[in-house]
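Visitor: I'd like to ask you about the structure that follows.
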Amino acid sequence: MALLDILTFPDPRLRTKAQPVTVVDAMIRTLVDDMLETMYGAPGIGLAANQVNAAKRVIVIDISENRNEPHVFINPRLEVAGGRVETDEGCLSVPGFYEPVTRRERVHVEALDQHGEPFTLEAEGLLSVCIQHECDHLEGKLFVDYLSNLKRARIRQKLSKSQRARA
Amino acid sequence: MRGHLSHSDRARAARHLARIVGRGDSLDNVIRRETNPLCLELTYGCLRHHFSLVEAVEARLARPLRAKDLDLFCLLLVGAYQLQRMRVPGHAAINETVSAARALGKPWAAALVNAVLRKLPTHPIGDASDHPPWLQGKIETQYGDHAPALLRANNQRAPMGLRVNRRKIEPADYRALLKRADIAFDDAWLPESILLRKPQPSATLPGFKDGAIAVQDVGAQLVGGFMREQLQGGCRVLDACAAPGGKLFHLLESGLALDVTALDNAPMRLQALSEMAQRLGHGGFRAITADACGLAWWDGEPFDLVIIDAPCSGSGTLRRHPDIKVTRTPQQVRRTNRLQGALLRNLWRTVRPGCTLLYCTCSILAEENDQVVESFLEAHEDARATGVVLPTGAATRHGWQMLPTDPATDGFYLARIDKQA
């Protein structure tokens, strides 16, 4: 297992659309393991493959307090339902910023697990929000896209600056 | 995705407060998904003591913060609350609050937070009532000598009351379950009413998921119990402002065969009511989304009992909803006040002659209670207020007022109006 580097907004690679996984093979399983380790280490509650520069439709999520209930979704397909809920969202690729984002209350997901077995899941609450957030990543979309242009520009500016400072 | 403001409970509390103070969101809404006890304590506490905390912090800021730094201002309130009202060691309160400034994405403010908090005395100064002036004025005018005790009571923590669902379990059996789970409780006036010695998340109570109990103030249960006494099997009942459904379910749990119509004008609230009904296993009532100020929903068949649990200031529930003190305005109170009279006048037409209308609010202000009933009685010759007696509280001219100075109950008002045959 290895810790992967997480891309930071406004890195253009975060805008790449992820490709479907054709075979869940050893390489994908290694990616899943590395992503889980990276997510736990960050620490975060969800990570999409685009964020670690692997344009594959793979996401990992663990919203449990004890960090021991990992969910793996490969090639997820989403149906959203229910009313709208607002949550303060943050993102490992947008460090230090939390902004309210409105999403749908419930999701129905169909996906493959890390063994390539299909499964379905009904989720609500934080899990539902997190799944929607990660699936956006697979489409090259970030939570900052839901904010006003002004807010997004300010976040972009601040993060670019701190990246230059580090470089 | 990163966790909710990941690791700083204090930063999260500041965010919650900023949503309430800045945008007028309701506390219940903002903390719906918050489970962390420290964060909840901070959020409630800062609202409860909002006015004195603001004063203490503002006096120590060299100049006011910018409007967009409201979250930072709220974080200063959180820091001040810990220093003055909680038993958090001073250095820990300050250090943690300073690092929360970083978690808010405002590392530049660390020095500012540090400076302000170090200047704060570690105990509250003076004996501020922590009420907005308009509300304090109304309470002092109405309650006179009793006002200081009432203002103090409003700043206490609310107790947690449970209502045993008698359709699912006998109250005695549920008490046995609580004893087995080592949860300390006291009995309240009704057999189905239970007061927990220490509040705890409802999901952790035995039988909660199976609908054995609902969380409801025991004062509200007294109102429900009084309603039940007015009824017998086969009665046609209207609950005009039904959501969230506590009183409605209480009636349905009576075991009487009732024909109940529940109205509410907000589809979302009615949806939540249906979900709650499902958990408690209640069916057999009609839920209609309709404006109770009109009669478009009515089939013309009169009701044996009409219940108006009217929208109000909520001034009787400040312990449970301290956000009301911060966000409610006198204009809003005036607006709901007009609505109360309109509801009463409109729904009076649906009461069967010889039958009863119950008007209740969770307000302690006479202008929403006795005065509404009084002007209604003056305009309606066929209406008579027939007095209510409950085990706690005091009689008013036309009804009964419970007050949070009895720590077991919130402040409820109830009036019974009979329609002459």
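Residue numbering restarts at 1 for every chain of the structure tokens, chains are lettered A, B, ... in their displayed order, and ligands are numbered from 1 as they appear.
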Got a sec: who's within 9 Å of A:Phe97, counting only C-alpha atoms, leaving out chain neighbours fewer than 4 positions off, as a VMD selection string?
Guide: (chain A and resid 89 to 91 155) or (chain B and resid 5 103 to 105)
Visitor: Write the selection just made, keeping N, CA and C atoms, as a short mmCIF file (atom, residue, chain, number, x, y, z; two decimals), in the first residue's frame?
Guide:
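Just written: out_0.cif:
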data_model
loop_
_atom_site.label_atom_id
_atom_site.label_comp_id
_atom_site.auth_asym_id
_atom_site.auth_seq_id
_atom_site.Cartn_x
_atom_site.Cartn_y
_atom_site.Cartn_z
N GLU A 89 -19.77 21.54 2.88
CA GLU A 89 -18.88 20.56 2.29
C GLU A 89 -17.45 21.07 2.25
N GLY A 90 -16.55 20.15 2.40
CA GLY A 90 -15.15 20.44 2.20
C GLY A 90 -14.60 19.35 1.31
N CYS A 91 -13.38 19.51 0.82
CA CYS A 91 -12.85 18.57 -0.15
C CYS A 91 -11.35 18.47 0.05
N ILE A 155 -11.29 31.40 -3.80
CA ILE A 155 -10.69 30.16 -3.34
C ILE A 155 -9.54 29.79 -4.27
N LEU B 5 -16.07 19.98 8.49
CA LEU B 5 -15.09 20.80 9.20
C LEU B 5 -14.22 19.91 10.06
N ALA B 103 -9.05 26.12 11.29
CA ALA B 103 -9.99 25.20 10.65
C ALA B 103 -11.07 25.94 9.88
N LEU B 104 -11.34 27.19 10.27
CA LEU B 104 -12.31 27.99 9.52
C LEU B 104 -11.69 28.53 8.23
N GLY B 105 -10.41 28.23 8.02
CA GLY B 105 -9.73 28.76 6.84
C GLY B 105 -9.29 30.19 7.05
#
Visitor: Can you write out as a Markdown table which residues of chain A fall within 10 Å of chain B, alongside each residue's closest atom pair and its distance in Å to one decimal, counting only C-alpha atoms and ordering rows by chain and ascending residue number?
Guide:
| residue | atom | partner | partner_atom | distance |
| --- | --- | --- | --- | --- |
| A:Met39 | CA | B:Arg2 | CA | 8.9 |
| A:Ala42 | CA | B:Arg2 | CA | 8.5 |
| A:Pro43 | CA | B:Arg2 | CA | 7.2 |
| A:Gly44 | CA | B:Arg2 | CA | 4.3 |
| A:Ile45 | CA | B:Gly3 | CA | 5.4 |
| A:Gly46 | CA | B:Met1 | CA | 4.6 |
| A:Leu47 | CA | B:Met1 | CA | 6.1 |
| A:Ala48 | CA | B:Met1 | CA | 8.5 |
| A:Val60 | CA | B:Met1 | CA | 9.9 |
| A:Ile61 | CA | B:Met1 | CA | 8.5 |
| A:Asp62 | CA | B:Gly3 | CA | 9.7 |
| A:Ile63 | CA | B:Gly3 | CA | 7.7 |
| A:Gly83 | CA | B:Met268 | CA | 8.6 |
| A:Val85 | CA | B:Asn29 | CA | 9.9 |
| A:Glu86 | CA | B:Val30 | CA | 9.2 |
| A:Thr87 | CA | B:His4 | CA | 8.4 |
| A:Asp88 | CA | B:His4 | CA | 6.6 |
| A:Glu89 | CA | B:His4 | CA | 6.5 |
| A:Gly90 | CA | B:Arg2 | CA | 5.0 |
| A:Cys91 | CA | B:Met1 | CA | 4.3 |
| A:Leu92 | CA | B:Arg2 | CA | 5.4 |
| A:Ser93 | CA | B:Met1 | CA | 8.2 |
| A:Val94 | CA | B:Arg2 | CA | 9.0 |
| A:Pro95 | CA | B:Arg2 | CA | 8.4 |
| A:Gly96 | CA | B:Gly105 | CA | 4.9 |
| A:Phe97 | CA | B:Gly105 | CA | 5.9 |
| A:Tyr98 | CA | B:Leu5 | CA | 6.8 |
| A:Glu99 | CA | B:Leu5 | CA | 9.7 |
| A:Pro100 | CA | B:Arg19 | CA | 10.0 |
| A:Gly125 | CA | B:Arg33 | CA | 7.8 |
| A:Leu126 | CA | B:Arg33 | CA | 8.0 |
| A:Val129 | CA | B:Met1 | CA | 9.4 |
| A:Cys130 | CA | B:Met1 | CA | 6.5 |
| A:Ile131 | CA | B:Met1 | CA | 9.0 |
| A:Gln132 | CA | B:Met1 | CA | 10.0 |
| A:His133 | CA | B:Met1 | CA | 6.8 |
| A:Glu134 | CA | B:Met1 | CA | 6.9 |
| A:His137 | CA | B:Met1 | CA | 9.7 |
| A:Leu142 | CA | B:Met1 | CA | 9.9 |
| A:Phe143 | CA | B:Met1 | CA | 9.2 |
Visitor: Set the distance at 12 Å and use only C-alpha atoms: which residues neighbour B:Arg269 once local chain neighbours fewer than 3 positions away are removed? I'd like the list as a ChimeraX atom specification.
Guide: /A:83 /B:241-245,262-266,272-276,287-290
Visitor: Stretch 182-199 of chain B: which residues within 9 Å, counting only C-alpha atoms, same-chain residues fewer than 6 positions away excluded, as a short mmCIF file (atom, residue, chain, number, x, y, z; two decimals) with N, CA and C atoms, in the first residue's frame?
Guide:
data_model
loop_
_atom_site.label_atom_id
_atom_site.label_comp_id
_atom_site.auth_asym_id
_atom_site.auth_seq_id
_atom_site.Cartn_x
_atom_site.Cartn_y
_atom_site.Cartn_z
N ALA B 158 -33.24 22.59 28.79
CA ALA B 158 -34.56 21.95 28.76
C ALA B 158 -34.44 20.48 29.18
N PRO B 159 -35.42 19.98 29.92
CA PRO B 159 -35.41 18.55 30.24
C PRO B 159 -35.86 17.76 29.02
N MET B 160 -35.65 16.45 29.06
CA MET B 160 -36.07 15.62 27.94
C MET B 160 -37.25 14.77 28.40
N GLY B 161 -38.38 15.00 27.77
CA GLY B 161 -39.58 14.24 28.12
C GLY B 161 -39.86 13.18 27.06
N LEU B 162 -40.39 12.05 27.52
CA LEU B 162 -40.77 11.00 26.59
C LEU B 162 -42.25 10.70 26.72
N ARG B 163 -42.86 10.33 25.62
CA ARG B 163 -44.25 9.87 25.65
C ARG B 163 -44.25 8.41 25.20
N VAL B 164 -44.71 7.54 26.08
CA VAL B 164 -44.76 6.12 25.73
C VAL B 164 -45.93 5.90 24.78
N ASN B 165 -45.67 5.21 23.69
CA ASN B 165 -46.70 4.90 22.70
C ASN B 165 -47.50 3.70 23.18
N ARG B 166 -48.68 3.99 23.75
CA ARG B 166 -49.43 2.92 24.41
C ARG B 166 -49.99 1.91 23.43
N GLU B 170 -46.93 -1.05 27.07
CA GLU B 170 -47.53 -0.50 28.28
C GLU B 170 -46.50 0.40 28.96
N PRO B 171 -46.95 1.56 29.49
CA PRO B 171 -45.99 2.46 30.15
C PRO B 171 -45.15 1.77 31.21
N ALA B 172 -45.76 0.86 31.99
CA ALA B 172 -44.99 0.18 33.04
C ALA B 172 -43.90 -0.70 32.43
N ARG B 175 -41.04 1.49 31.35
CA ARG B 175 -40.21 1.91 32.49
C ARG B 175 -39.25 0.81 32.89
N LEU B 205 -32.18 5.41 22.88
CA LEU B 205 -33.16 4.95 23.87
C LEU B 205 -33.75 3.62 23.43
N GLN B 216 -41.21 14.19 23.59
CA GLN B 216 -42.17 15.30 23.66
C GLN B 216 -42.14 15.90 25.05
N ASP B 217 -42.16 17.21 25.12
CA ASP B 217 -42.19 17.90 26.40
C ASP B 217 -43.38 17.41 27.22
N VAL B 218 -43.18 17.22 28.53
CA VAL B 218 -44.29 16.67 29.32
C VAL B 218 -45.42 17.69 29.50
N GLN B 221 -47.55 17.21 26.66
CA GLN B 221 -48.33 15.99 26.88
C GLN B 221 -49.55 16.27 27.75
N LEU B 222 -49.42 17.20 28.71
CA LEU B 222 -50.58 17.56 29.51
C LEU B 222 -51.67 18.16 28.63
N GLY B 225 -53.17 15.32 26.88
CA GLY B 225 -54.01 14.56 27.81
C GLY B 225 -55.35 15.24 28.02
N PRO B 391 -52.46 20.16 36.10
CA PRO B 391 -51.75 19.98 37.38
C PRO B 391 -50.60 20.95 37.63
N ALA B 408 -40.17 21.14 34.80
CA ALA B 408 -40.56 19.97 34.02
C ALA B 408 -41.20 20.35 32.68
#
Visitor: At what distance in Å, to one decimal, does atom CA of B:Ala56 lie from atom CA of B:Thr97?
Guide: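 Between these atoms lies a distance of 16.4 Å.
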